[in-house]
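work.cif follows (mmCIF, C-alpha atoms and all ligand atoms):
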```cif
data_input
loop_
_atom_site.group_PDB
_atom_site.id
_atom_site.type_symbol
_atom_site.label_atom_id
_atom_site.label_comp_id
_atom_site.auth_asym_id
_atom_site.auth_seq_id
_atom_site.Cartn_x
_atom_site.Cartn_y
_atom_site.Cartn_z
ATOM 1 C CA MET A 9 4.417 1.411 0.033
ATOM 2 C CA SER A 10 1.697 0.251 2.397
ATOM 3 C CA ARG A 11 -1.031 2.817 2.960
ATOM 4 C CA ILE A 12 -2.017 4.132 6.339
ATOM 5 C CA VAL A 13 -5.797 4.036 6.552
ATOM 6 C CA TYR A 14 -8.283 5.207 9.166
ATOM 7 C CA VAL A 15 -10.780 2.913 10.921
ATOM 8 C CA ASN A 16 -12.920 3.988 13.875
ATOM 9 C CA GLY A 17 -10.431 6.265 15.579
ATOM 10 C CA GLN A 18 -7.240 4.441 14.586
ATOM 11 C CA TYR A 19 -4.615 5.015 11.910
ATOM 12 C CA LEU A 20 -3.363 1.603 10.775
ATOM 13 C CA PRO A 21 -1.354 -0.024 7.969
ATOM 14 C CA GLU A 22 -3.942 -1.180 5.410
ATOM 15 C CA ALA A 23 -3.258 -4.892 6.064
ATOM 16 C CA GLU A 24 -4.150 -4.456 9.747
ATOM 17 C CA ALA A 25 -7.394 -2.529 9.219
ATOM 18 C CA THR A 26 -10.525 -4.643 9.668
ATOM 19 C CA VAL A 27 -14.314 -4.295 9.888
ATOM 20 C CA SER A 28 -16.658 -6.938 11.373
ATOM 21 C CA ILE A 29 -18.468 -9.442 9.126
ATOM 22 C CA PHE A 30 -21.652 -8.256 10.913
ATOM 23 C CA ASP A 31 -21.141 -4.668 9.831
ATOM 24 C CA ARG A 32 -24.291 -3.435 8.088
ATOM 25 C CA GLY A 33 -22.199 -1.862 5.361
ATOM 26 C CA PHE A 34 -21.011 -5.359 4.420
ATOM 27 C CA LEU A 35 -24.301 -7.252 4.922
ATOM 28 C CA MET A 36 -26.859 -4.676 3.711
ATOM 29 C CA ALA A 37 -24.984 -1.953 1.799
ATOM 30 C CA ASP A 38 -26.309 0.186 4.684
ATOM 31 C CA ALA A 39 -23.654 2.830 4.213
ATOM 32 C CA VAL A 40 -22.890 6.137 2.540
ATOM 33 C CA TYR A 41 -19.654 7.487 1.122
ATOM 34 C CA GLU A 42 -17.829 10.511 -0.241
ATOM 35 C CA VAL A 43 -14.810 10.918 -2.481
ATOM 36 C CA THR A 44 -12.807 14.130 -2.137
ATOM 37 C CA SER A 45 -10.043 14.936 -4.593
ATOM 38 C CA VAL A 46 -6.605 16.098 -3.523
ATOM 39 C CA LEU A 47 -4.385 18.288 -5.727
ATOM 40 C CA ASP A 48 -0.967 19.460 -4.523
ATOM 41 C CA GLY A 49 -1.788 17.958 -1.121
ATOM 42 C CA LYS A 50 -4.943 20.060 -0.713
ATOM 43 C CA LEU A 51 -8.612 19.061 -0.507
ATOM 44 C CA LEU A 52 -10.961 20.240 -3.267
ATOM 45 C CA ASP A 53 -14.529 21.312 -2.465
ATOM 46 C CA PHE A 54 -14.236 19.892 1.065
ATOM 47 C CA ALA A 55 -17.196 21.857 2.455
ATOM 48 C CA GLY A 56 -19.449 20.615 -0.363
ATOM 49 C CA HIS A 57 -18.561 16.972 0.257
ATOM 50 C CA GLN A 58 -19.139 17.348 4.003
ATOM 51 C CA ALA A 59 -22.512 19.003 3.413
ATOM 52 C CA ARG A 60 -23.598 16.170 1.106
ATOM 53 C CA LEU A 61 -22.368 13.563 3.611
ATOM 54 C CA ALA A 62 -24.476 15.224 6.323
ATOM 55 C CA ARG A 63 -27.483 15.165 3.994
ATOM 56 C CA SER A 64 -27.002 11.473 3.073
ATOM 57 C CA LEU A 65 -26.720 10.527 6.773
ATOM 58 C CA ASN A 66 -29.778 12.570 7.626
ATOM 59 C CA GLU A 67 -31.908 11.029 4.838
ATOM 60 C CA LEU A 68 -31.083 7.546 6.169
ATOM 61 C CA GLU A 69 -31.388 8.484 9.857
ATOM 62 C CA MET A 70 -27.806 7.399 10.387
ATOM 63 C CA GLN A 71 -25.708 8.840 13.232
ATOM 64 C CA ARG A 72 -22.900 11.246 12.413
ATOM 65 C CA PRO A 73 -19.617 9.513 13.268
ATOM 66 C CA CYS A 74 -17.882 12.758 14.347
ATOM 67 C CA SER A 75 -17.823 16.518 13.827
ATOM 68 C CA ASP A 76 -16.863 18.269 10.563
ATOM 69 C CA ASP A 77 -13.694 19.564 12.240
ATOM 70 C CA GLU A 78 -12.666 16.027 13.198
ATOM 71 C CA LEU A 79 -13.386 14.802 9.655
ATOM 72 C CA LEU A 80 -11.213 17.560 8.224
ATOM 73 C CA ALA A 81 -8.431 16.666 10.670
ATOM 74 C CA ILE A 82 -8.625 12.970 9.617
ATOM 75 C CA HIS A 83 -8.498 13.890 5.909
ATOM 76 C CA ARG A 84 -5.438 16.069 6.520
ATOM 77 C CA GLU A 85 -3.720 13.467 8.672
ATOM 78 C CA LEU A 86 -4.172 10.859 5.914
ATOM 79 C CA VAL A 87 -2.722 13.250 3.311
ATOM 80 C CA THR A 88 0.313 13.786 5.558
ATOM 81 C CA ARG A 89 0.841 10.178 6.632
ATOM 82 C CA ASN A 90 0.574 8.898 3.048
ATOM 83 C CA ASP A 91 2.516 11.781 1.499
ATOM 84 C CA LEU A 92 -0.394 12.250 -0.888
ATOM 85 C CA THR A 93 0.119 14.868 -3.598
ATOM 86 C CA ASP A 94 -2.592 14.093 -6.179
ATOM 87 C CA GLY A 95 -5.402 11.597 -5.713
ATOM 88 C CA MET A 96 -8.540 10.987 -3.731
ATOM 89 C CA ILE A 97 -9.688 10.361 -0.192
ATOM 90 C CA TYR A 98 -12.474 7.807 0.090
ATOM 91 C CA LEU A 99 -14.711 8.066 3.168
ATOM 92 C CA GLN A 100 -17.406 5.588 4.171
ATOM 93 C CA VAL A 101 -19.851 5.623 7.075
ATOM 94 C CA THR A 102 -21.929 2.521 7.822
ATOM 95 C CA ARG A 103 -24.720 1.961 10.321
ATOM 96 C CA GLY A 104 -22.219 -0.096 12.299
ATOM 97 C CA ASN A 105 -21.963 -3.598 13.699
ATOM 98 C CA PRO A 106 -24.998 -4.816 15.688
ATOM 99 C CA GLY A 107 -23.288 -8.197 16.320
ATOM 100 C CA ASP A 108 -25.757 -10.189 14.203
ATOM 101 C CA ARG A 109 -27.812 -9.947 11.003
ATOM 102 C CA ASP A 110 -31.203 -8.257 11.251
ATOM 103 C CA PHE A 111 -33.142 -6.110 8.758
ATOM 104 C CA ALA A 112 -34.328 -3.675 11.436
ATOM 105 C CA PHE A 113 -31.940 -0.842 12.291
ATOM 106 C CA PRO A 114 -30.010 -1.392 15.543
ATOM 107 C CA ASP A 115 -30.603 1.005 18.449
ATOM 108 C CA ALA A 116 -28.537 4.137 18.934
ATOM 109 C CA SER A 117 -25.996 2.370 21.152
ATOM 110 C CA VAL A 118 -24.543 0.803 17.992
ATOM 111 C CA LYS A 119 -22.056 3.370 16.719
ATOM 112 C CA PRO A 120 -21.457 4.015 13.039
ATOM 113 C CA THR A 121 -18.348 2.589 11.408
ATOM 114 C CA LEU A 122 -16.055 5.213 9.873
ATOM 115 C CA VAL A 123 -13.416 4.240 7.326
ATOM 116 C CA LEU A 124 -11.192 6.495 5.215
ATOM 117 C CA PHE A 125 -8.349 5.690 2.838
ATOM 118 C CA THR A 126 -6.261 7.464 0.216
ATOM 119 C CA GLN A 127 -5.879 6.629 -3.487
ATOM 120 C CA SER A 128 -2.803 8.114 -5.125
ATOM 121 C CA LYS A 129 -3.234 9.316 -8.737
ATOM 122 C CA PRO A 130 -0.131 11.259 -9.731
ATOM 123 C CA GLY A 131 -0.889 13.843 -12.414
ATOM 124 C CA MET A 132 -4.661 13.310 -12.216
ATOM 125 C CA ALA A 133 -5.336 16.879 -13.394
ATOM 126 C CA ASP A 134 -3.647 15.954 -16.711
ATOM 127 C CA ALA A 135 -5.427 12.622 -17.245
ATOM 128 C CA PRO A 136 -5.265 11.423 -20.892
ATOM 129 C CA ALA A 137 -9.101 11.210 -21.017
ATOM 130 C CA ALA A 138 -9.246 15.017 -20.754
ATOM 131 C CA LYS A 139 -7.373 15.275 -24.066
ATOM 132 C CA THR A 140 -8.894 12.346 -25.952
ATOM 133 C CA GLY A 141 -12.415 12.347 -24.491
ATOM 134 C CA ILE A 142 -14.222 9.130 -23.607
ATOM 135 C CA LYS A 143 -16.754 6.858 -25.329
ATOM 136 C CA VAL A 144 -20.018 5.948 -23.650
ATOM 137 C CA ILE A 145 -22.814 3.486 -24.322
ATOM 138 C CA SER A 146 -26.407 3.940 -23.164
ATOM 139 C CA ILE A 147 -28.064 1.378 -20.904
ATOM 140 C CA ASP A 148 -31.300 1.200 -18.896
ATOM 141 C CA ASP A 149 -31.130 2.829 -15.465
ATOM 142 C CA LEU A 150 -32.079 -0.051 -13.152
ATOM 143 C CA ARG A 151 -31.006 1.587 -9.874
ATOM 144 C CA TRP A 152 -33.274 2.322 -6.906
ATOM 145 C CA GLY A 153 -35.313 5.538 -6.565
ATOM 146 C CA ARG A 154 -33.134 7.538 -4.134
ATOM 147 C CA ARG A 155 -30.008 8.170 -6.190
ATOM 148 C CA ASP A 156 -29.644 11.542 -4.492
ATOM 149 C CA ILE A 157 -28.370 9.663 -1.415
ATOM 150 C CA LYS A 158 -24.760 8.618 -1.951
ATOM 151 C CA THR A 159 -25.035 5.006 -0.795
ATOM 152 C CA VAL A 160 -22.532 2.231 -1.450
ATOM 153 C CA GLN A 161 -25.099 0.273 -3.501
ATOM 154 C CA LEU A 162 -22.780 0.296 -6.494
ATOM 155 C CA LEU A 163 -23.508 -3.091 -8.048
ATOM 156 C CA TYR A 164 -25.543 -1.759 -10.963
ATOM 157 C CA PRO A 165 -23.042 1.038 -11.731
ATOM 158 C CA SER A 166 -20.320 -1.672 -11.677
ATOM 159 C CA LEU A 167 -22.336 -3.823 -14.102
ATOM 160 C CA GLY A 168 -22.776 -0.746 -16.288
ATOM 161 C CA LYS A 169 -19.020 -0.106 -16.397
ATOM 162 C CA MET A 170 -18.475 -3.758 -17.339
ATOM 163 C CA MET A 171 -21.086 -3.550 -20.135
ATOM 164 C CA ALA A 172 -19.260 -0.466 -21.421
ATOM 165 C CA LYS A 173 -15.909 -2.232 -21.255
ATOM 166 C CA LYS A 174 -17.246 -5.255 -23.173
ATOM 167 C CA ALA A 175 -18.609 -2.877 -25.823
ATOM 168 C CA GLY A 176 -15.197 -1.215 -26.200
ATOM 169 C CA ALA A 177 -16.368 1.974 -24.453
ATOM 170 C CA ASP A 178 -15.304 3.714 -21.237
ATOM 171 C CA ASP A 179 -18.552 4.325 -19.393
ATOM 172 C CA ALA A 180 -22.329 4.038 -19.621
ATOM 173 C CA TRP A 181 -24.973 6.771 -19.527
ATOM 174 C CA LEU A 182 -28.100 5.571 -17.763
ATOM 175 C CA VAL A 183 -31.499 6.070 -19.395
ATOM 176 C CA GLU A 184 -34.892 6.127 -17.687
ATOM 177 C CA ASP A 185 -38.215 6.930 -19.373
ATOM 178 C CA GLY A 186 -36.330 7.872 -22.524
ATOM 179 C CA HIS A 187 -34.058 10.418 -20.829
ATOM 180 C CA VAL A 188 -30.492 10.310 -19.554
ATOM 181 C CA THR A 189 -30.274 10.395 -15.767
ATOM 182 C CA GLU A 190 -26.471 10.448 -15.335
ATOM 183 C CA GLY A 191 -23.303 8.415 -15.902
ATOM 184 C CA THR A 192 -22.492 5.363 -13.754
ATOM 185 C CA SER A 193 -20.326 7.558 -11.491
ATOM 186 C CA ASN A 194 -20.712 11.090 -12.830
ATOM 187 C CA ASN A 195 -23.174 13.739 -14.022
ATOM 188 C CA ALA A 196 -23.902 13.990 -17.766
ATOM 189 C CA TYR A 197 -24.061 17.097 -19.997
ATOM 190 C CA ILE A 198 -24.550 18.022 -23.630
ATOM 191 C CA VAL A 199 -23.884 21.346 -25.372
ATOM 192 C CA LYS A 200 -26.087 22.574 -28.212
ATOM 193 C CA GLY A 201 -25.879 26.020 -29.822
ATOM 194 C CA GLY A 202 -23.704 27.236 -26.926
ATOM 195 C CA ARG A 203 -26.205 26.095 -24.263
ATOM 196 C CA ILE A 204 -25.097 23.650 -21.600
ATOM 197 C CA ILE A 205 -27.854 21.119 -20.902
ATOM 198 C CA THR A 206 -27.857 18.825 -17.867
ATOM 199 C CA ARG A 207 -30.575 17.040 -15.947
ATOM 200 C CA ASN A 208 -32.272 18.993 -13.156
ATOM 201 C CA LEU A 209 -31.758 17.893 -9.549
ATOM 202 C CA SER A 210 -34.290 15.457 -8.042
ATOM 203 C CA HIS A 211 -34.243 12.033 -6.362
ATOM 204 C CA ASP A 212 -33.275 10.600 -9.788
ATOM 205 C CA ILE A 213 -29.616 11.672 -9.734
ATOM 206 C CA LEU A 214 -26.749 12.319 -7.369
ATOM 207 C CA HIS A 215 -26.384 16.003 -6.602
ATOM 208 C CA GLY A 216 -22.804 16.209 -7.806
ATOM 209 C CA ILE A 217 -20.506 18.540 -5.904
ATOM 210 C CA THR A 218 -18.535 19.116 -9.106
ATOM 211 C CA ARG A 219 -21.827 19.734 -10.961
ATOM 212 C CA ALA A 220 -22.764 22.502 -8.514
ATOM 213 C CA ALA A 221 -19.352 24.166 -8.863
ATOM 214 C CA VAL A 222 -19.218 23.858 -12.661
ATOM 215 C CA LEU A 223 -22.728 25.292 -13.129
ATOM 216 C CA ARG A 224 -21.798 28.193 -10.860
ATOM 217 C CA PHE A 225 -18.604 28.877 -12.849
ATOM 218 C CA ALA A 226 -20.515 28.553 -16.146
ATOM 219 C CA ALA A 227 -23.058 31.154 -14.993
ATOM 220 C CA GLU A 228 -20.260 33.464 -13.832
ATOM 221 C CA ALA A 229 -18.654 33.132 -17.283
ATOM 222 C CA GLN A 230 -22.001 34.163 -18.867
ATOM 223 C CA MET A 231 -22.545 30.705 -20.360
ATOM 224 C CA GLU A 232 -26.148 29.635 -20.779
ATOM 225 C CA VAL A 233 -27.266 26.657 -18.700
ATOM 226 C CA GLU A 234 -30.492 24.702 -19.089
ATOM 227 C CA GLU A 235 -31.304 22.185 -16.340
ATOM 228 C CA ARG A 236 -33.645 19.606 -17.876
ATOM 229 C CA PRO A 237 -33.657 15.953 -18.955
ATOM 230 C CA PHE A 238 -32.304 15.169 -22.453
ATOM 231 C CA THR A 239 -32.506 12.097 -24.696
ATOM 232 C CA ILE A 240 -29.781 9.962 -26.282
ATOM 233 C CA ALA A 241 -30.989 11.212 -29.704
ATOM 234 C CA GLU A 242 -30.376 14.805 -28.558
ATOM 235 C CA ALA A 243 -26.963 13.819 -27.222
ATOM 236 C CA LYS A 244 -26.000 12.249 -30.560
ATOM 237 C CA ALA A 245 -27.045 15.457 -32.337
ATOM 238 C CA ALA A 246 -25.281 17.727 -29.820
ATOM 239 C CA ASP A 247 -22.226 19.874 -30.584
ATOM 240 C CA GLU A 248 -20.375 18.321 -27.665
ATOM 241 C CA ALA A 249 -20.848 16.326 -24.472
ATOM 242 C CA PHE A 250 -19.012 15.909 -21.187
ATOM 243 C CA TYR A 251 -19.287 14.603 -17.660
ATOM 244 C CA THR A 252 -18.325 15.945 -14.236
ATOM 245 C CA SER A 253 -17.172 14.162 -11.083
ATOM 246 C CA ALA A 254 -14.840 14.846 -8.177
ATOM 247 C CA SER A 255 -12.071 12.687 -9.659
ATOM 248 C CA GLY A 256 -12.721 13.312 -13.385
ATOM 249 C CA PHE A 257 -13.333 17.090 -12.948
ATOM 250 C CA VAL A 258 -14.771 17.972 -16.391
ATOM 251 C CA THR A 259 -14.101 15.228 -18.962
ATOM 252 C CA PRO A 260 -15.222 15.355 -22.614
ATOM 253 C CA VAL A 261 -17.434 12.613 -24.066
ATOM 254 C CA VAL A 262 -16.792 12.150 -27.800
ATOM 255 C CA GLU A 263 -18.929 9.144 -28.731
ATOM 256 C CA ILE A 264 -22.314 7.725 -27.707
ATOM 257 C CA ASP A 265 -23.402 4.235 -28.818
ATOM 258 C CA GLY A 266 -20.814 4.340 -31.601
ATOM 259 C CA ALA A 267 -21.906 7.747 -32.969
ATOM 260 C CA ALA A 268 -19.361 10.582 -32.894
ATOM 261 C CA ILE A 269 -20.590 13.714 -31.100
ATOM 262 C CA GLY A 270 -19.907 16.952 -32.972
ATOM 263 C CA THR A 271 -16.448 16.708 -34.521
ATOM 264 C CA GLY A 272 -15.716 13.531 -32.550
ATOM 265 C CA LYS A 273 -13.055 15.498 -30.645
ATOM 266 C CA PRO A 274 -13.249 17.156 -27.195
ATOM 267 C CA GLY A 275 -15.304 20.346 -27.428
ATOM 268 C CA ALA A 276 -14.363 23.923 -26.568
ATOM 269 C CA VAL A 277 -16.964 24.312 -23.806
ATOM 270 C CA ALA A 278 -15.783 21.190 -21.957
ATOM 271 C CA LYS A 279 -12.147 22.297 -22.308
ATOM 272 C CA ARG A 280 -12.899 25.770 -20.984
ATOM 273 C CA LEU A 281 -15.001 24.511 -18.072
ATOM 274 C CA ARG A 282 -12.293 22.028 -17.106
ATOM 275 C CA GLU A 283 -9.714 24.824 -17.009
ATOM 276 C CA ILE A 284 -11.962 27.132 -15.000
ATOM 277 C CA TYR A 285 -12.945 24.333 -12.605
ATOM 278 C CA LEU A 286 -9.325 23.319 -11.953
ATOM 279 C CA ASP A 287 -8.121 26.931 -11.556
ATOM 280 C CA GLU A 288 -10.926 27.977 -9.228
ATOM 281 C CA SER A 289 -10.902 24.769 -7.158
ATOM 282 C CA ARG A 290 -7.162 24.985 -6.622
ATOM 283 C CA LYS A 291 -7.660 28.534 -5.337
ATOM 284 C CA THR A 292 -10.169 27.437 -2.688
ATOM 285 C CA ALA A 293 -8.532 24.068 -1.851
ATOM 286 C CA ILE A 294 -7.738 23.613 1.831
HETATM 287 N N1 LIG A 301 -23.453 10.717 -10.140
HETATM 288 C C1 LIG A 301 -23.064 9.539 -9.615
HETATM 289 C C2 LIG A 301 -23.958 8.357 -9.758
HETATM 290 C C3 LIG A 301 -21.812 9.429 -8.954
HETATM 291 O O1 LIG A 301 -21.441 8.259 -8.421
HETATM 292 C C4 LIG A 301 -20.979 10.562 -8.883
HETATM 293 C C5 LIG A 301 -19.612 10.484 -8.244
HETATM 294 N N2 LIG A 301 -19.644 10.154 -6.928
HETATM 295 C C6 LIG A 301 -21.417 11.761 -9.444
HETATM 296 C C7 LIG A 301 -22.665 11.804 -10.058
HETATM 297 C C8 LIG A 301 -20.586 13.023 -9.387
HETATM 298 O O2 LIG A 301 -20.596 13.573 -8.108
HETATM 299 P P1 LIG A 301 -19.359 14.435 -7.565
HETATM 300 O O3 LIG A 301 -19.183 15.556 -8.551
HETATM 301 O O4 LIG A 301 -19.801 14.905 -6.251
HETATM 302 O O5 LIG A 301 -18.191 13.513 -7.540
#
```
Exercise: express the given structure as structure tokens:
Amino acid sequence: MSRIVYVNGQYLPEAEATVSIFDRGFLMADAVYEVTSVLDGKLLDFAGHQARLARSLNELEMQRPCSDDELLAIHRELVTRNDLTDGMIYLQVTRGNPGDRDFAFPDASVKPTLVLFTQSKPGMADAPAAKTGIKVISIDDLRWGRRDIKTVQLLYPSLGKMMAKKAGADDAWLVEDGHVTEGTSNNAYIVKGGRIITRNLSHDILHGITRAAVLRFAAEAQMEVEERPFTIAEAKAADEAFYTSASGFVTPVVEIDGAAIGTGKPGAVAKRLREIYLDESRKTAI
């Protein structure tokens, strides 16, 4: 079935949706994005994703394409038109099409480009990776210095995923100055002696919406959380490890650079947090 996607005010079959070759998203990666998960036709953590989008746009002095209410209406319309039960909605805002290539930002008369599309993932809450856990390798973090802004500069994360694939693993954890920053497309955690350890927020990592929710639920469940950088050596010696992201929720990590973590099986803390996250997010889904 052909998807109906959204481009600058229009709902179109995917084959008819186009963006100019002069669009700054295409030429300069001058664009930000969000991915919101959908379970049972409802949006998870929508307010969090909209707040982060507003922050990303603000940091880059990019115009808002429309109001939050309009964005919610577009998300809902795409769910309806595509009969989406479980999956994701991808949203991208670019600085628009100035009609030529120029490094300087165009003036305010150039309107941002807004694109949204759905990705159907039936049964995503029961993904096999949640039961088996995933394997990661560690690689240098060679990204730019403002990873807190969710830009579409995803070439290095793509290279990282390919390095992982070639090494027979599922993902890469990025390391800078001897400490893990995050995964290529997720936030990274270890558990030691019952304490959940994850890197503190700064410009070095994306401020994950799932991270914020999971840390809140962990605190409510009286689990101890320590927000600080950790090393790969600490991760290898941890009792368990996991990652969080909007589409992976809470997913166990069972191996780092070929070394089994803990028992080499998904850990109890990751399992519990995944359950709590899914239960609570379903309750507040809109
Ligand atoms: N870090 C990076 C680099 C990411 O790309 C993502 C996913 N977009 C995350 C963390 C997790 O963020 P969220 O929980 O908001 O999906």
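Using all atoms listed in the file, the contacts of Tyr41 in chain A at a cut-off of 8 Å, with sequence neighbours closer than 5 positions omitted, comprise Leu61, Tyr98, Leu99, Gln100, Val101, Lys158, Thr159 and Val160 of chain A.
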Dump the neighbourhood of ligand LIG 301 (chain A) as a PyMOL selection string: all residues within 10 Å, distances computed on all atoms listed in the file.
-> chain A and resi 41-45+53+56-57+60+151+155-160+162+165+181-182+189-196+212-222+251-258
Considering only C-alpha atoms, return as a compact mmCIF listing (two decimals) with C-alpha atoms, in the coordinates of the input whatever protein or nucleic-acid residues lie within 9 Å of Glu184 in chain A, sequence-local ones (same chain, fewer than 6 positions apart) excluded.
```
# COMPACT_ATOMS: atom_id res chain seq x y z
CA ILE A 147 -28.06 1.38 -20.90
CA ASP A 148 -31.30 1.20 -18.90
CA ASP A 149 -31.13 2.83 -15.46
CA LEU A 150 -32.08 -0.05 -13.15
```
From CA of Ser146 in chain A to CA of Arg280 in chain A the spacing works out at 25.8 Å
Written as a PDB file with C-alpha atoms, in the coordinates of the input, what is the full residue list that the PyMOL selection byres (((chain A and resi 281) around 12) and not hetatm) yields on the file shown?
```pdb
ATOM      1  CA  ALA A 138      -9.246  15.017 -20.754  1.00  0.00           C
ATOM      2  CA  TYR A 197     -24.061  17.097 -19.997  1.00  0.00           C
ATOM      3  CA  VAL A 199     -23.884  21.346 -25.372  1.00  0.00           C
ATOM      4  CA  ILE A 204     -25.097  23.650 -21.600  1.00  0.00           C
ATOM      5  CA  THR A 218     -18.535  19.116  -9.106  1.00  0.00           C
ATOM      6  CA  ARG A 219     -21.827  19.734 -10.961  1.00  0.00           C
ATOM      7  CA  ALA A 221     -19.352  24.166  -8.863  1.00  0.00           C
ATOM      8  CA  VAL A 222     -19.218  23.858 -12.661  1.00  0.00           C
ATOM      9  CA  LEU A 223     -22.728  25.292 -13.129  1.00  0.00           C
ATOM     10  CA  ARG A 224     -21.798  28.193 -10.860  1.00  0.00           C
ATOM     11  CA  PHE A 225     -18.604  28.877 -12.849  1.00  0.00           C
ATOM     12  CA  ALA A 226     -20.515  28.553 -16.146  1.00  0.00           C
ATOM     13  CA  ALA A 227     -23.058  31.154 -14.993  1.00  0.00           C
ATOM     14  CA  GLU A 228     -20.260  33.464 -13.832  1.00  0.00           C
ATOM     15  CA  ALA A 229     -18.654  33.132 -17.283  1.00  0.00           C
ATOM     16  CA  GLN A 230     -22.001  34.163 -18.867  1.00  0.00           C
ATOM     17  CA  MET A 231     -22.545  30.705 -20.360  1.00  0.00           C
ATOM     18  CA  ALA A 249     -20.848  16.326 -24.472  1.00  0.00           C
ATOM     19  CA  PHE A 250     -19.012  15.909 -21.187  1.00  0.00           C
ATOM     20  CA  TYR A 251     -19.287  14.603 -17.660  1.00  0.00           C
ATOM     21  CA  THR A 252     -18.325  15.945 -14.236  1.00  0.00           C
ATOM     22  CA  PHE A 257     -13.333  17.090 -12.948  1.00  0.00           C
ATOM     23  CA  VAL A 258     -14.771  17.972 -16.391  1.00  0.00           C
ATOM     24  CA  THR A 259     -14.101  15.228 -18.962  1.00  0.00           C
ATOM     25  CA  PRO A 260     -15.222  15.355 -22.614  1.00  0.00           C
ATOM     26  CA  PRO A 274     -13.249  17.156 -27.195  1.00  0.00           C
ATOM     27  CA  GLY A 275     -15.304  20.346 -27.428  1.00  0.00           C
ATOM     28  CA  ALA A 276     -14.363  23.923 -26.568  1.00  0.00           C
ATOM     29  CA  VAL A 277     -16.964  24.312 -23.806  1.00  0.00           C
ATOM     30  CA  ALA A 278     -15.783  21.190 -21.957  1.00  0.00           C
ATOM     31  CA  LYS A 279     -12.147  22.297 -22.308  1.00  0.00           C
ATOM     32  CA  ARG A 280     -12.899  25.770 -20.984  1.00  0.00           C
ATOM     33  CA  ARG A 282     -12.293  22.028 -17.106  1.00  0.00           C
ATOM     34  CA  GLU A 283      -9.714  24.824 -17.009  1.00  0.00           C
ATOM     35  CA  ILE A 284     -11.962  27.132 -15.000  1.00  0.00           C
ATOM     36  CA  TYR A 285     -12.945  24.333 -12.605  1.00  0.00           C
ATOM     37  CA  LEU A 286      -9.325  23.319 -11.953  1.00  0.00           C
ATOM     38  CA  ASP A 287      -8.121  26.931 -11.556  1.00  0.00           C
ATOM     39  CA  GLU A 288     -10.926  27.977  -9.228  1.00  0.00           C
ATOM     40  CA  SER A 289     -10.902  24.769  -7.158  1.00  0.00           C
TER      41      SER A 289
END
```
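Checking A:Leu86, A:Ile294, A:Ile145, A:Ile205 one by one against Ala267 in chain A, counting only C-alpha atoms, you find the shortest gap at A:Ile145.
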What separation in Å, quoted to one decimal, exists between CA of Asp247 in chain A and CA of Gly202 in chain A?
-> 8.4 Å
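Proximity of A:Ala116, A:Gln58, A:Leu124, A:Ile264 to Ala175 in chain A, computed with only C-alpha atoms, is greatest for A:Ile264.
Selection check: the PyMOL selection byres (((chain A and resi 11) around 7) and not hetatm) on the shown file gives Met9, Ser10, Ile12, Val13, Pro21, Glu22 and Asn90 of chain A.
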Using the chain letters and numbering of this document, enumerate as a PyMOL selection string the residues selected by the PyMOL selection byres (((chain A and resi 132) around 10) and not hetatm).
-> chain A and resi 45-47+93-96+128-131+133-136+138+255-257
Could you list as a ChimeraX atom specification every residue that has an atom within 9 Å of (-27.9, -4.3, 5.4), using the file's coordinates and counting all atoms listed in the file?
-> /A:31-39,103,109-113
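Straight-line separation from CA of Ser75 in chain A to CA of Ala293 in chain A: 19.7 Å.
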With 5 Å of padding per side, what axis-aligned box (centre and edge lengths, Å, one decimal) covers all the listed atoms of range 72-79 of chain A? Give it as lines of an AutoDock Vina configuration file.
```
center_x = -17.8
center_y = 14.5
center_z = 12.0
size_x = 20.2
size_y = 20.1
size_z = 14.7
```
Exercise: Asp178 in chain A partners within 8 Å, only C-alpha atoms, chain neighbours under 5 positions left out, as number ranges by chain | A: 142-144, 169, 172-173
Nearest residue to Pro120 in chain A from the set A:Pro73, A:Gly141, A:Gly186, A:Gly272 (distances using only C-alpha atoms) = A:Pro73
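Residue nearest Glu78 in chain A, chosen from A:Arg236, A:Gly17, A:Pro114, A:Lys200 and counting only C-alpha atoms: A:Gly17.
In terms of minimum interatomic distance to Ser28 in chain A, A:Val15 ranks closest within A:Val233, A:Ala81, A:Leu209, A:Val15, counting all atoms listed in the file.
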Once you count all atoms listed in the file, which residues end up no further than 7 Å from (-17.3, -4.0, 12.9) in the file's frame, shown as JSON, numbers by chain?
-> {"A": [27, 28, 29, 30, 31, 104, 105, 121]}
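The closest residue to Tyr14 in chain A, picked from A:Glu85, A:Asp76, A:Asp108, A:Glu263 and counting all atoms listed in the file, is A:Glu85.
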